[in-house]
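To start, the structure itself, in structure tokens.
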Amino acid sequence: MTTNPKPHVLFLFSDTGGGHRSAAEAIIEAIELEFGDAISTEMVDFFKQHTPLPLNRLPQWYPYMVKAPSLWGASFHISDGRARARAITATLWPAVSRIARSIVNAHPSDLIVSVHPLANSFILKALGKNRPPFVTVVTDMVTTHALWFDQRADLICVPTDIARFRAIEYGMEPEQVITVGQPIAARYCVPVGDKTELRQKLGWPLDKFTAVLVGGGEGMGPLAQTARAINESGLDLSLVVVAGRNERLKHSLENYSWHIPAKNYGFTRELPDFMRAADVLITKAGPGTIAESLNAHLPIILYAKLPGQEDGNVTYVRETGTGVWAPTPQRVIATLRTWIEKPETREKVVAACKKAARPDSSRTIARLIGEKLGLQVLQDE
């Protein structure tokens with residue numbers, strides 16, 4: 001507990017994947033929208049800020065680690081399961097107990113929010129019995145690892161009902177787990193608006209079917225191959241490619257000989273407008289990007305996934321009718337051709353996206369945190 005005049009909330013995350021940081025930031029933004037300055041917040045990357053070498057380098061190594069997807073997927077499945085998760089935490093506790101206690105002691109708080117599976121059991125054990133409320137916000141949509149779930153947590157927020165069922169299968173009490181959706185930033189949750197006006201503002205062709213191709217913040221997945229295949233496909237469309245922080249990829253695409261109208265971007269804050277202005281999103285199966293696309297009512301073509309936690313995201317998109325799984329450039333092009341030539345098929349997907357969208361997710365989590373702290377939301381003026 002803290003001695004601050006207003007409650008202090010600690011967010012535990014790590015940059016092992018972009019989704020954990022962005023989820024924490026989205027919830028903090030929602031707390032400010034719901035409660036003004038009545039709550040103070042703090043984000044701690046527990047790997048980078050509190051672990052010794054080489055563990056503190058894991059956030060920097062992550063983009064290279066996921067370039068071995070088969071190994072990543074195997075490690076996910078080998079370590080998953082309630083008994084295996086308990087064995088992992090029990091085995092590692094002697095080695096990490098000092099680190100976990102140092103995090104707790106260095107960051108006194110009135111409530112803790114974990115958005116990373118590796119923080120939960122270790123921090124809860126370090127806190128002991130006389131502790132502040134602990135809220136877990138699961139950022140994997142469907143294929144949720146057992147390490148997300150610890151019975152000592154006061155509340156577990158999950159993005160889908162499937163994730164909730166998995167939590168209960170792993171021993172959580174039903175009243176302990178609530179489906180809230182994927183926390184995303186407020187800029188992705190505004191009304192869709194007029195595509196023509198947005199395209200005019202962005203300098204895009206106004207009358208072309210427009211596809212946005214992204215590979216996450218690091219520009220991962222077979223993005224370049226897919227972009228080139230679309231360029232050579234003969235399809236009547238314009239293409240927007242977001243290479244993220246991958247400067248080499250961005251440079252190569254800028255110097256590519258394009259036959260179609262094409263725009264190339266690096267890391268950008270304009271992605272919400274890109275999604276609202278586009279006709280389709282082509283992306284890897286990251287949970288945050290999927291949720292953002294649904295809120296923009298934008299059909300999804302998934303062209304890559306990370307084995308393990310992203311497997312279920314593909315299933316979710318297919319079963320909700322919000323998009324397709326197209327793991328080769330040829331299948332991407334086939335889907336684009338269908339949606340261009342038969343617009344009514346794409347409109348059905350748009351309707352499914354509207355139905356699946358949960359634009360209030362972050363603010364719902366913020367309100368649940370406020371309830372735990374005994375606070376009232378601000379009244380709308």
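By convention in this document, the chains of the structure tokens carry letters A, B, ... by their order, each chain's residues are numbered from 1, and ligands are numbered from 1 in the order they are shown.
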
message = Can you pull out the residues contacting segment 137-143 of chain A? Cut-off 6 Å, using only C-alpha atoms, and skip same-chain residues under 3 positions away; I want them as a list in words.
response =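 The residues that qualify are Val115, Ile156, Cys157, Val158, Pro159, Ile162, Ala163, Pro287, Gln309 and Gly312 of chain A.
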
Convert the current residue selection to file output with N, CA, C and O atoms, as a tab-separated table (two decimals), in the first residue's frame.
chain	number	residue	atom	x	y	z
A	115	VAL	N	-0.27	-7.31	-17.15
A	115	VAL	CA	-0.66	-7.59	-18.53
A	115	VAL	C	0.35	-8.53	-19.20
A	115	VAL	O	0.47	-8.57	-20.42
A	156	ILE	N	-9.68	-11.46	-13.12
A	156	ILE	CA	-9.00	-11.78	-14.37
A	156	ILE	C	-9.88	-11.32	-15.52
A	156	ILE	O	-11.01	-11.81	-15.69
A	157	CYS	N	-9.40	-10.36	-16.30
A	157	CYS	CA	-10.13	-9.84	-17.44
A	157	CYS	C	-9.62	-10.53	-18.71
A	157	CYS	O	-8.40	-10.52	-18.97
A	158	VAL	N	-10.52	-11.11	-19.48
A	158	VAL	CA	-10.12	-11.83	-20.69
A	158	VAL	C	-10.81	-11.21	-21.90
A	158	VAL	O	-11.88	-10.60	-21.79
A	159	PRO	N	-10.23	-11.38	-23.11
A	159	PRO	CA	-10.78	-10.72	-24.29
A	159	PRO	C	-11.95	-11.44	-24.95
A	159	PRO	O	-12.73	-10.81	-25.66
A	162	ILE	N	-14.10	-17.61	-25.17
A	162	ILE	CA	-13.27	-18.82	-25.27
A	162	ILE	C	-12.14	-18.75	-24.25
A	162	ILE	O	-11.83	-19.74	-23.58
A	163	ALA	N	-11.52	-17.59	-24.12
A	163	ALA	CA	-10.46	-17.41	-23.13
A	163	ALA	C	-11.01	-17.59	-21.71
A	163	ALA	O	-10.32	-18.13	-20.83
A	287	PRO	N	-3.27	-10.08	-31.56
A	287	PRO	CA	-4.59	-9.81	-30.98
A	287	PRO	C	-4.99	-8.35	-31.00
A	287	PRO	O	-6.15	-8.02	-31.25
A	309	GLN	N	0.42	-18.86	-29.01
A	309	GLN	CA	-0.66	-17.98	-28.57
A	309	GLN	C	-1.46	-17.36	-29.70
A	309	GLN	O	-2.57	-16.88	-29.47
A	312	GLY	N	-5.04	-19.59	-31.88
A	312	GLY	CA	-6.47	-19.40	-31.62
A	312	GLY	C	-7.03	-18.14	-32.24
A	312	GLY	O	-8.24	-18.06	-32.51

inquiry  = Please return, as a PyMOL selection string, all residues of segment 168-333 of chain A that DSSP assigns to strand (DSSP E) on the basis of the backbone.
reply    = chain A and resi 177-179+210-214+238-242+262-265+280-284+300-304+323-325

task = Please indicate the distance in Å from atom CA of Glu175 of chain A to atom CA of Leu147 of chain A, rounded to one decimal place.
result =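 It comes out at 19.1 Å.
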
ask   = Between atom CA of Ala185 of chain A and atom CA of Ala262 of chain A, what is the spacing in Å?
value = 27.1 Å

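Of note, atom CA of Thr335 of chain A and atom CA of Ile282 of chain A are spaced 10.5 Å apart.
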